[in-house]
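Peer 1: protein-v1.pdb is reproduced in full below (PDB, C-alpha atoms).
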```pdb
ATOM      1  CA  MET W   1      -2.548   7.828   9.734
ATOM      2  CA  CYS W   2      -0.460  10.756   8.513
ATOM      3  CA  THR W   3       0.350  14.084  10.025
ATOM      4  CA  LEU W   4       0.032  17.298   8.029
ATOM      5  CA  ASP W   5       3.582  16.952   6.755
ATOM      6  CA  GLY W   6       3.762  13.191   7.017
ATOM      7  CA  CYS W   7       3.132  11.891   3.520
ATOM      8  CA  GLY W   8       5.986  13.214   1.480
ATOM      9  CA  VAL W   9       5.535  16.964   1.129
ATOM     10  CA  ASN W  10       8.818  18.217   2.566
ATOM     11  CA  ASP W  11      12.473  18.302   1.520
ATOM     12  CA  HIS W  12      14.000  15.577  -0.626
ATOM     13  CA  LEU W  13      16.245  12.927   0.870
ATOM     14  CA  GLY W  14      17.228  12.209  -2.717
ATOM     15  CA  PRO W  15      15.994  13.233  -6.158
ATOM     16  CA  PRO W  16      13.341  11.047  -7.745
ATOM     17  CA  PRO W  17      14.332   9.195 -10.921
ATOM     18  CA  LYS W  18      13.645  10.924 -14.211
ATOM     19  CA  ALA W  19      12.298   9.628 -17.505
ATOM     20  CA  THR W  20      13.587  11.021 -20.808
ATOM     21  CA  ASP W  21      11.365  11.862 -23.761
ATOM     22  CA  GLU W  22      12.595   8.710 -25.456
ATOM     23  CA  ASP W  23      11.762   6.658 -22.345
ATOM     24  CA  ARG W  24       8.217   8.021 -22.445
ATOM     25  CA  ARG W  25       7.814   7.379 -26.148
ATOM     26  CA  LEU W  26       8.947   3.767 -25.908
ATOM     27  CA  PHE W  27       6.975   3.089 -22.723
ATOM     28  CA  LEU W  28       3.745   4.456 -24.180
ATOM     29  CA  LYS W  29       4.264   2.290 -27.279
ATOM     30  CA  GLY W  30       4.763  -0.754 -25.058
ATOM     31  CA  ALA W  31       8.270  -1.175 -26.433
ATOM     32  CA  VAL W  32      10.135  -0.883 -23.137
ATOM     33  CA  ALA W  33       9.605  -1.708 -19.478
ATOM     34  CA  LEU W  34      10.829   0.962 -17.091
ATOM     35  CA  PRO W  35      11.635   0.576 -13.381
ATOM     36  CA  LEU W  36       8.621   1.213 -11.164
ATOM     37  CA  ALA W  37      10.272   4.203  -9.494
ATOM     38  CA  VAL W  38      10.775   5.901 -12.861
ATOM     39  CA  VAL W  39       7.137   5.311 -13.800
ATOM     40  CA  LEU W  40       5.835   6.596 -10.471
ATOM     41  CA  ALA W  41       7.944   9.748 -10.611
ATOM     42  CA  ASP W  42       6.573  10.740 -14.023
ATOM     43  CA  PRO W  43       2.891  11.816 -14.109
ATOM     44  CA  ILE W  44       2.482  10.864 -17.775
ATOM     45  CA  LEU W  45       3.919   7.396 -17.294
ATOM     46  CA  ALA W  46       2.068   6.810 -14.008
ATOM     47  CA  HIS W  47      -1.226   7.716 -15.662
ATOM     48  CA  ALA W  48      -0.469   5.439 -18.603
ATOM     49  CA  ALA W  49       0.446   2.529 -16.344
ATOM     50  CA  GLY W  50      -2.625   3.045 -14.186
ATOM     51  CA  SER W  51      -4.941   3.168 -17.184
ATOM     52  CA  MET W  52      -4.826  -0.626 -17.458
ATOM     53  CA  LEU W  53      -6.987  -0.940 -14.322
ATOM     54  CA  GLU W  54     -10.708  -1.619 -14.614
ATOM     55  CA  PRO W  55     -13.370  -0.461 -12.125
ATOM     56  CA  VAL W  56     -15.236  -2.959  -9.945
ATOM     57  CA  THR W  57     -17.914  -2.348  -7.331
ATOM     58  CA  ILE W  58     -17.615  -3.690  -3.808
ATOM     59  CA  THR W  59     -20.845  -3.698  -1.758
ATOM     60  CA  THR W  60     -21.014  -4.160   2.009
ATOM     61  CA  PRO W  61     -23.824  -6.076   3.774
ATOM     62  CA  GLY W  62     -25.228  -2.700   4.814
ATOM     63  CA  GLY W  63     -25.473  -1.528   1.203
ATOM     64  CA  GLU W  64     -22.442   0.783   1.194
ATOM     65  CA  LYS W  65     -20.721   0.740  -2.195
ATOM     66  CA  MET W  66     -17.075   1.288  -3.053
ATOM     67  CA  THR W  67     -15.593   1.569  -6.517
ATOM     68  CA  ALA W  68     -12.215  -0.138  -6.575
ATOM     69  CA  GLU W  69      -9.924  -0.753  -9.543
ATOM     70  CA  ILE W  70      -8.413  -4.057 -10.563
ATOM     71  CA  ALA W  71      -5.345  -5.002 -12.612
ATOM     72  CA  MET W  72      -5.001  -8.510 -14.014
ATOM     73  CA  PRO W  73      -1.754 -10.411 -14.626
ATOM     74  CA  ALA W  74      -0.924 -12.266 -17.823
ATOM     75  CA  THR W  75      -1.034 -15.711 -16.202
ATOM     76  CA  LEU W  76      -4.122 -16.990 -14.419
ATOM     77  CA  PRO W  77      -5.176 -18.180 -11.919
ATOM     78  CA  ALA W  78      -3.133 -15.923  -9.679
ATOM     79  CA  PRO W  79      -2.758 -14.866  -6.050
ATOM     80  CA  THR W  80      -4.251 -11.509  -5.111
ATOM     81  CA  VAL W  81      -3.215  -8.333  -3.324
ATOM     82  CA  ILE W  82      -5.302  -5.457  -1.948
ATOM     83  CA  LEU W  83      -3.552  -2.075  -2.242
ATOM     84  CA  ILE W  84      -4.672   0.659   0.172
ATOM     85  CA  HIS W  85      -3.843   4.231  -0.738
ATOM     86  CA  GLU W  86      -2.024   6.949   1.192
ATOM     87  CA  TRP W  87      -3.958   9.822   2.733
ATOM     88  CA  TRP W  88      -4.090  11.451  -0.713
ATOM     89  CA  GLY W  89      -6.613   8.919  -1.958
ATOM     90  CA  LEU W  90      -6.630   6.582  -4.944
ATOM     91  CA  ASN W  91      -4.446   8.453  -7.426
ATOM     92  CA  ASP W  92      -2.308   7.554 -10.436
ATOM     93  CA  GLN W  93       0.628   6.696  -8.219
ATOM     94  CA  ILE W  94      -1.293   3.906  -6.466
ATOM     95  CA  ARG W  95      -2.834   2.764  -9.761
ATOM     96  CA  ALA W  96       0.656   2.458 -11.266
ATOM     97  CA  VAL W  97       1.808   0.385  -8.304
ATOM     98  CA  ALA W  98      -1.218  -1.881  -8.802
ATOM     99  CA  ALA W  99      -0.275  -2.246 -12.466
ATOM    100  CA  GLU W 100       3.229  -3.248 -11.398
ATOM    101  CA  TYR W 101       1.823  -5.866  -9.016
ATOM    102  CA  ALA W 102      -0.105  -7.292 -11.979
ATOM    103  CA  LYS W 103       3.145  -7.400 -13.973
ATOM    104  CA  GLN W 104       4.654  -9.351 -11.076
ATOM    105  CA  GLY W 105       1.898 -11.956 -11.360
ATOM    106  CA  TYR W 106      -0.766 -10.782  -8.889
ATOM    107  CA  ILE W 107      -4.391  -9.824  -9.292
ATOM    108  CA  ALA W 108      -4.145  -6.329  -7.807
ATOM    109  CA  LEU W 109      -7.160  -4.548  -6.333
ATOM    110  CA  ALA W 110      -6.637  -0.852  -5.560
ATOM    111  CA  VAL W 111      -9.393   0.187  -3.173
ATOM    112  CA  ASP W 112     -10.783   3.690  -2.714
ATOM    113  CA  LEU W 113     -11.830   4.314   0.891
ATOM    114  CA  TYR W 114     -12.738   7.935   0.159
ATOM    115  CA  GLY W 115     -15.041   7.681  -2.830
ATOM    116  CA  LYS W 116     -13.949  11.160  -3.856
ATOM    117  CA  PRO W 117     -11.271  12.614  -6.142
ATOM    118  CA  PRO W 118      -7.800  12.357  -4.578
ATOM    119  CA  ALA W 119      -6.349  15.330  -2.744
ATOM    120  CA  THR W 120      -3.456  17.391  -4.037
ATOM    121  CA  THR W 121      -2.813  19.409  -0.857
ATOM    122  CA  ALA W 122      -2.128  18.369   2.724
ATOM    123  CA  ASP W 123      -5.259  20.152   3.957
ATOM    124  CA  GLY W 124      -7.355  18.355   1.369
ATOM    125  CA  ALA W 125      -5.850  14.983   2.306
ATOM    126  CA  LYS W 126      -6.460  15.617   5.992
ATOM    127  CA  ALA W 127     -10.102  16.445   5.313
ATOM    128  CA  LEU W 128     -10.609  13.272   3.270
ATOM    129  CA  MET W 129      -8.917  11.104   5.863
ATOM    130  CA  SER W 130     -10.901  12.638   8.729
ATOM    131  CA  ALA W 131     -14.186  11.899   6.955
ATOM    132  CA  VAL W 132     -13.590   8.134   6.864
ATOM    133  CA  ASP W 133     -15.991   6.098   9.019
ATOM    134  CA  PRO W 134     -13.801   3.311  10.488
ATOM    135  CA  ALA W 135     -16.655   0.823  10.758
ATOM    136  CA  ILE W 136     -17.711   1.287   7.133
ATOM    137  CA  ALA W 137     -14.096   1.226   5.923
ATOM    138  CA  THR W 138     -13.569  -2.070   7.755
ATOM    139  CA  GLU W 139     -16.628  -3.566   6.072
ATOM    140  CA  LYS W 140     -15.442  -2.393   2.656
ATOM    141  CA  LEU W 141     -12.086  -4.058   3.173
ATOM    142  CA  GLN W 142     -13.644  -7.254   4.506
ATOM    143  CA  GLU W 143     -15.808  -7.428   1.401
ATOM    144  CA  SER W 144     -12.755  -6.720  -0.763
ATOM    145  CA  VAL W 145     -11.071  -9.776   0.743
ATOM    146  CA  LYS W 146     -14.158 -11.887   0.003
ATOM    147  CA  PHE W 147     -14.313 -10.506  -3.532
ATOM    148  CA  LEU W 148     -10.740 -11.573  -4.240
ATOM    149  CA  LYS W 149     -11.025 -14.963  -2.564
ATOM    150  CA  ASN W 150     -14.076 -15.740  -4.686
ATOM    151  CA  HIS W 151     -12.788 -14.192  -7.933
ATOM    152  CA  LYS W 152     -12.959 -16.723 -10.753
ATOM    153  CA  ASP W 153      -9.277 -16.193 -11.588
ATOM    154  CA  SER W 154      -7.992 -16.182  -7.995
ATOM    155  CA  THR W 155      -6.022 -18.927  -6.294
ATOM    156  CA  GLY W 156      -7.799 -17.914  -3.077
ATOM    157  CA  LYS W 157      -4.696 -16.347  -1.556
ATOM    158  CA  VAL W 158      -5.033 -12.692  -0.473
ATOM    159  CA  GLY W 159      -2.386 -10.262   0.737
ATOM    160  CA  THR W 160      -2.769  -6.642   1.799
ATOM    161  CA  VAL W 161      -0.369  -3.734   1.454
ATOM    162  CA  GLY W 162      -0.787  -0.062   2.286
ATOM    163  CA  TRP W 163       1.179   3.117   2.742
ATOM    164  CA  CYS W 164       0.747   5.880   5.338
ATOM    165  CA  PHE W 165      -3.038   6.015   5.993
ATOM    166  CA  GLY W 166      -3.278   2.806   3.978
ATOM    167  CA  GLY W 167      -0.533   1.146   6.002
ATOM    168  CA  GLY W 168      -2.660   1.373   9.109
ATOM    169  CA  TRP W 169      -5.634   0.043   7.173
ATOM    170  CA  SER W 170      -3.581  -2.832   5.789
ATOM    171  CA  LEU W 171      -3.017  -3.894   9.391
ATOM    172  CA  ASN W 172      -6.680  -3.326  10.227
ATOM    173  CA  THR W 173      -7.666  -5.580   7.320
ATOM    174  CA  GLY W 174      -5.450  -8.316   8.700
ATOM    175  CA  LEU W 175      -7.172  -7.952  12.080
ATOM    176  CA  ALA W 176     -10.689  -8.014  10.636
ATOM    177  CA  ALA W 177     -10.474 -10.557   7.811
ATOM    178  CA  ASP W 178      -8.906 -13.890   6.924
ATOM    179  CA  VAL W 179      -5.933 -12.908   4.777
ATOM    180  CA  ASP W 180      -2.659 -14.665   4.052
ATOM    181  CA  ALA W 181      -0.090 -11.855   4.362
ATOM    182  CA  VAL W 182      -0.035  -8.256   5.595
ATOM    183  CA  VAL W 183       2.451  -5.522   4.649
ATOM    184  CA  VAL W 184       2.525  -2.145   6.383
ATOM    185  CA  TYR W 185       4.483   0.814   5.060
ATOM    186  CA  TYR W 186       4.832   3.468   7.792
ATOM    187  CA  GLY W 187       1.225   3.149   8.928
ATOM    188  CA  ASN W 188      -0.339   3.681  12.335
ATOM    189  CA  VAL W 189       0.248   0.470  14.300
ATOM    190  CA  LYS W 190      -0.750   1.666  17.743
ATOM    191  CA  LYS W 191      -2.560  -1.454  18.932
ATOM    192  CA  THR W 192      -3.073  -3.314  22.190
ATOM    193  CA  ALA W 193      -2.390  -7.025  22.644
ATOM    194  CA  GLU W 194      -6.146  -7.604  22.675
ATOM    195  CA  GLN W 195      -6.536  -5.783  19.351
ATOM    196  CA  VAL W 196      -3.812  -7.793  17.597
ATOM    197  CA  SER W 197      -5.059 -11.104  19.009
ATOM    198  CA  THR W 198      -7.163 -11.623  15.863
ATOM    199  CA  LEU W 199      -4.163 -11.396  13.526
ATOM    200  CA  SER W 200      -3.584 -14.790  11.933
ATOM    201  CA  ALA W 201      -1.509 -13.748   8.920
ATOM    202  CA  PRO W 202       2.258 -13.189   8.791
ATOM    203  CA  LEU W 203       3.130  -9.492   8.839
ATOM    204  CA  MET W 204       5.931  -7.341   7.445
ATOM    205  CA  GLY W 205       6.431  -3.707   8.431
ATOM    206  CA  HIS W 206       8.617  -0.983   6.877
ATOM    207  CA  PHE W 207       9.382   2.099   8.982
ATOM    208  CA  GLY W 208      11.705   5.091   8.861
ATOM    209  CA  THR W 209      13.930   6.112  11.759
ATOM    210  CA  LEU W 210      13.411   9.793  10.870
ATOM    211  CA  ASP W 211       9.610   9.530  10.962
ATOM    212  CA  LYS W 212       8.347  11.732  13.790
ATOM    213  CA  SER W 213       4.769  10.442  13.646
ATOM    214  CA  ILE W 214       5.035   6.688  13.033
ATOM    215  CA  ASN W 215       8.029   6.504  15.309
ATOM    216  CA  LYS W 216      10.124   4.032  17.307
ATOM    217  CA  PRO W 217       8.017   4.188  20.497
ATOM    218  CA  MET W 218       4.843   3.404  18.521
ATOM    219  CA  VAL W 219       6.369   0.536  16.562
ATOM    220  CA  GLU W 220       8.172  -0.922  19.565
ATOM    221  CA  GLY W 221       4.884  -0.780  21.486
ATOM    222  CA  PHE W 222       3.257  -2.636  18.600
ATOM    223  CA  GLU W 223       5.911  -5.338  18.780
ATOM    224  CA  GLU W 224       5.304  -5.677  22.515
ATOM    225  CA  SER W 225       1.588  -6.095  21.842
ATOM    226  CA  LEU W 226       2.322  -8.780  19.253
ATOM    227  CA  LYS W 227       4.542 -10.643  21.694
ATOM    228  CA  GLU W 228       1.991 -10.349  24.493
ATOM    229  CA  ALA W 229      -0.654 -11.769  22.153
ATOM    230  CA  GLY W 230       1.624 -14.681  21.294
ATOM    231  CA  LYS W 231       2.282 -13.589  17.718
ATOM    232  CA  THR W 232       5.656 -14.611  16.326
ATOM    233  CA  ASP W 233       5.294 -14.543  12.527
ATOM    234  CA  TYR W 234       6.244 -10.944  11.838
ATOM    235  CA  GLN W 235       9.185  -8.936  10.498
ATOM    236  CA  ILE W 236       9.860  -5.284  11.251
ATOM    237  CA  PHE W 237      12.394  -3.421   9.111
ATOM    238  CA  TRP W 238      13.868  -0.008   9.880
ATOM    239  CA  TYR W 239      15.361   2.324   7.280
ATOM    240  CA  GLU W 240      17.433   5.460   7.779
ATOM    241  CA  ALA W 241      14.656   7.383   6.076
ATOM    242  CA  ASP W 242      11.605   9.525   6.734
ATOM    243  CA  HIS W 243       7.875   8.978   6.401
ATOM    244  CA  ALA W 244       6.741   8.196   2.832
ATOM    245  CA  PHE W 245      10.262   7.196   1.802
ATOM    246  CA  ALA W 246       8.891   4.769  -0.792
ATOM    247  CA  ASN W 247       6.887   7.354  -2.747
ATOM    248  CA  PRO W 248       8.881   8.860  -5.654
ATOM    249  CA  THR W 249       6.264  11.587  -6.133
ATOM    250  CA  GLY W 250       6.851  13.029  -2.655
ATOM    251  CA  GLY W 251       9.576  15.050  -1.062
ATOM    252  CA  ARG W 252      10.927  12.328   1.216
ATOM    253  CA  TYR W 253      11.642   9.677  -1.346
ATOM    254  CA  ASP W 254      14.697   7.517  -0.652
ATOM    255  CA  ALA W 255      15.521   5.440  -3.719
ATOM    256  CA  GLU W 256      17.814   2.900  -2.097
ATOM    257  CA  ASP W 257      15.529   2.162   0.843
ATOM    258  CA  ALA W 258      12.432   2.142  -1.356
ATOM    259  CA  MET W 259      13.995  -0.525  -3.579
ATOM    260  CA  LEU W 260      15.063  -2.613  -0.602
ATOM    261  CA  ALA W 261      11.573  -2.434   0.905
ATOM    262  CA  TRP W 262      10.060  -3.381  -2.461
ATOM    263  CA  GLU W 263      12.337  -6.406  -2.844
ATOM    264  CA  ARG W 264      11.545  -7.543   0.699
ATOM    265  CA  THR W 265       7.828  -7.130   0.081
ATOM    266  CA  MET W 266       7.955  -9.076  -3.185
ATOM    267  CA  GLY W 267       9.842 -11.879  -1.474
ATOM    268  CA  PHE W 268       7.373 -11.900   1.410
ATOM    269  CA  PHE W 269       4.341 -12.117  -0.868
ATOM    270  CA  ASP W 270       6.031 -14.753  -3.014
ATOM    271  CA  THR W 271       6.556 -16.876   0.097
ATOM    272  CA  HIS W 272       3.082 -16.519   1.575
ATOM    273  CA  LEU W 273       0.829 -16.135  -1.459
ATOM    274  CA  SER W 274       2.355 -18.579  -3.931
TER     275      SER W 274
END
```
Take the structure in the file and write it out as structure tokens.
Peer 2:
Amino acid sequence: MCTLDGCGVNDHLGPPPKATDEDRRLFLKGAVALPLAVVLADPILAHAAGSMLEPVTITTPGGEKMTAEIAMPATLPAPTVILIHEWWGLNDQIRAVAAEYAKQGYIALAVDLYGKPPATTADGAKALMSAVDPAIATEKLQESVKFLKNHKDSTGKVGTVGWCFGGGWSLNTGLAADVDAVVVYYGNVKKTAEQVSTLSAPLMGHFGTLDKSINKPMVEGFEESLKEAGKTDYQIFWYEADHAFANPTGGRYDAEDAMLAWERTMGFFDTHLS
């Protein structure tokens, strides 16, 4: 989960990358590929990148419906990744990341656990997050895993990744469904050994030492729970950064650490989903 100031709404650790007018022109024409951070930091480019996603409907056994969005890679069949949004909701930033995952060779499914337009203020994000029914959200994510495993173009391999609110739900998906890899970016990992006993997938976590909410005591307690439950296939990485350090659209973006976390995540998925 995120606190009121926990998803990138405060002072910059470093300026986000900028796109020039020429960058935008060439990108929109499909004549140039820009770094993901540059795309995410520019609303026009992020919207353009995210426009390649197509809506799909996920239905739970109880009849609850969720509209998710899917991006397809050039080469099929392909492994798959579920992307779970920050507390803001499914916005162009997350769509652009899904598009980048597709460029990297994954079928990318960006879920929408809110079913409402994304928030643009902290109060709005808090209200959306508070309205989530955990049981229904779990069912939606379980069905998302099944959807990807059974997709005609899927290799059957499924990974999950999430940020902030979505980081906690990436972990929850790994506890509730049979997935092949779990990545958590600064999400709530306060779990007991009994709760993590159902985790069968390898896990990677990215956390910031300056994060006052998803902090060292929480993450160290999570590691103790993993050890107590006999789990050994996990990696926890710490960065001298704050919460939401990987989001170029927020005020706590840290370019160097964001790139390192991205490279580690890509390597992790390549190992476990290929």
Peer 1: Please evaluate the PyMOL selection byres ((chain W and resi 66) around 8) against the structure above and give the resulting residues as a PyMOL selection string.
Peer 2: chain W and resi 57-59+64-65+67-68+111-113+115+140
Peer 1: Any chance you could export the current selection's C-alpha atoms as a PDB file, in the coordinates of the input?
Peer 2:
```
ATOM      1  CA  THR W  57     -17.914  -2.348  -7.331  1.00  0.00           C
ATOM      2  CA  ILE W  58     -17.615  -3.690  -3.808  1.00  0.00           C
ATOM      3  CA  THR W  59     -20.845  -3.698  -1.758  1.00  0.00           C
ATOM      4  CA  GLU W  64     -22.442   0.783   1.194  1.00  0.00           C
ATOM      5  CA  LYS W  65     -20.721   0.740  -2.195  1.00  0.00           C
ATOM      6  CA  THR W  67     -15.593   1.569  -6.517  1.00  0.00           C
ATOM      7  CA  ALA W  68     -12.215  -0.138  -6.575  1.00  0.00           C
ATOM      8  CA  VAL W 111      -9.393   0.187  -3.173  1.00  0.00           C
ATOM      9  CA  ASP W 112     -10.783   3.690  -2.714  1.00  0.00           C
ATOM     10  CA  LEU W 113     -11.830   4.314   0.891  1.00  0.00           C
ATOM     11  CA  GLY W 115     -15.041   7.681  -2.830  1.00  0.00           C
ATOM     12  CA  LYS W 140     -15.442  -2.393   2.656  1.00  0.00           C
TER      13      LYS W 140
END
```
Peer 1: What is the distance, in Å and to one decimal place, between CA of Ala110 (chain W) and CA of Val183 (chain W)?
Peer 2: 14.4 Å
Peer 1: Would you kindly translate the PyMOL selection byres ((chain W and resi 221) around 12) into the concrete residues it picks from this file, as a ChimeraX atom specification?
Peer 2: /W:188-193,196,214-220,222-228
Peer 1: In Å, with one decimal, what is the gap from CA of Pro118 (chain W) to CA of Ala261 (chain W)?
Peer 2: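 Computing the Euclidean distance for CA of Pro118 (chain W) and CA of Ala261 (chain W) yields 25.0 Å.
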Peer 1: As an exercise, work out the distance from CA of Val97 (chain W) to CA of Glu240 (chain W) in Å and give it to one decimal place.
Peer 2: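 Taking CA of Val97 (chain W) as the start and CA of Glu240 (chain W) as the end point, the length is 23.0 Å.
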Peer 1: Return the single residue from W:Ser213, W:Thr120, W:Ala78, W:Lys231 that is closest to Ala102 (chain W), with distances computed using all atoms listed in the file.
Peer 2: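 Nearest to Ala102 (chain W): W:Ala78.
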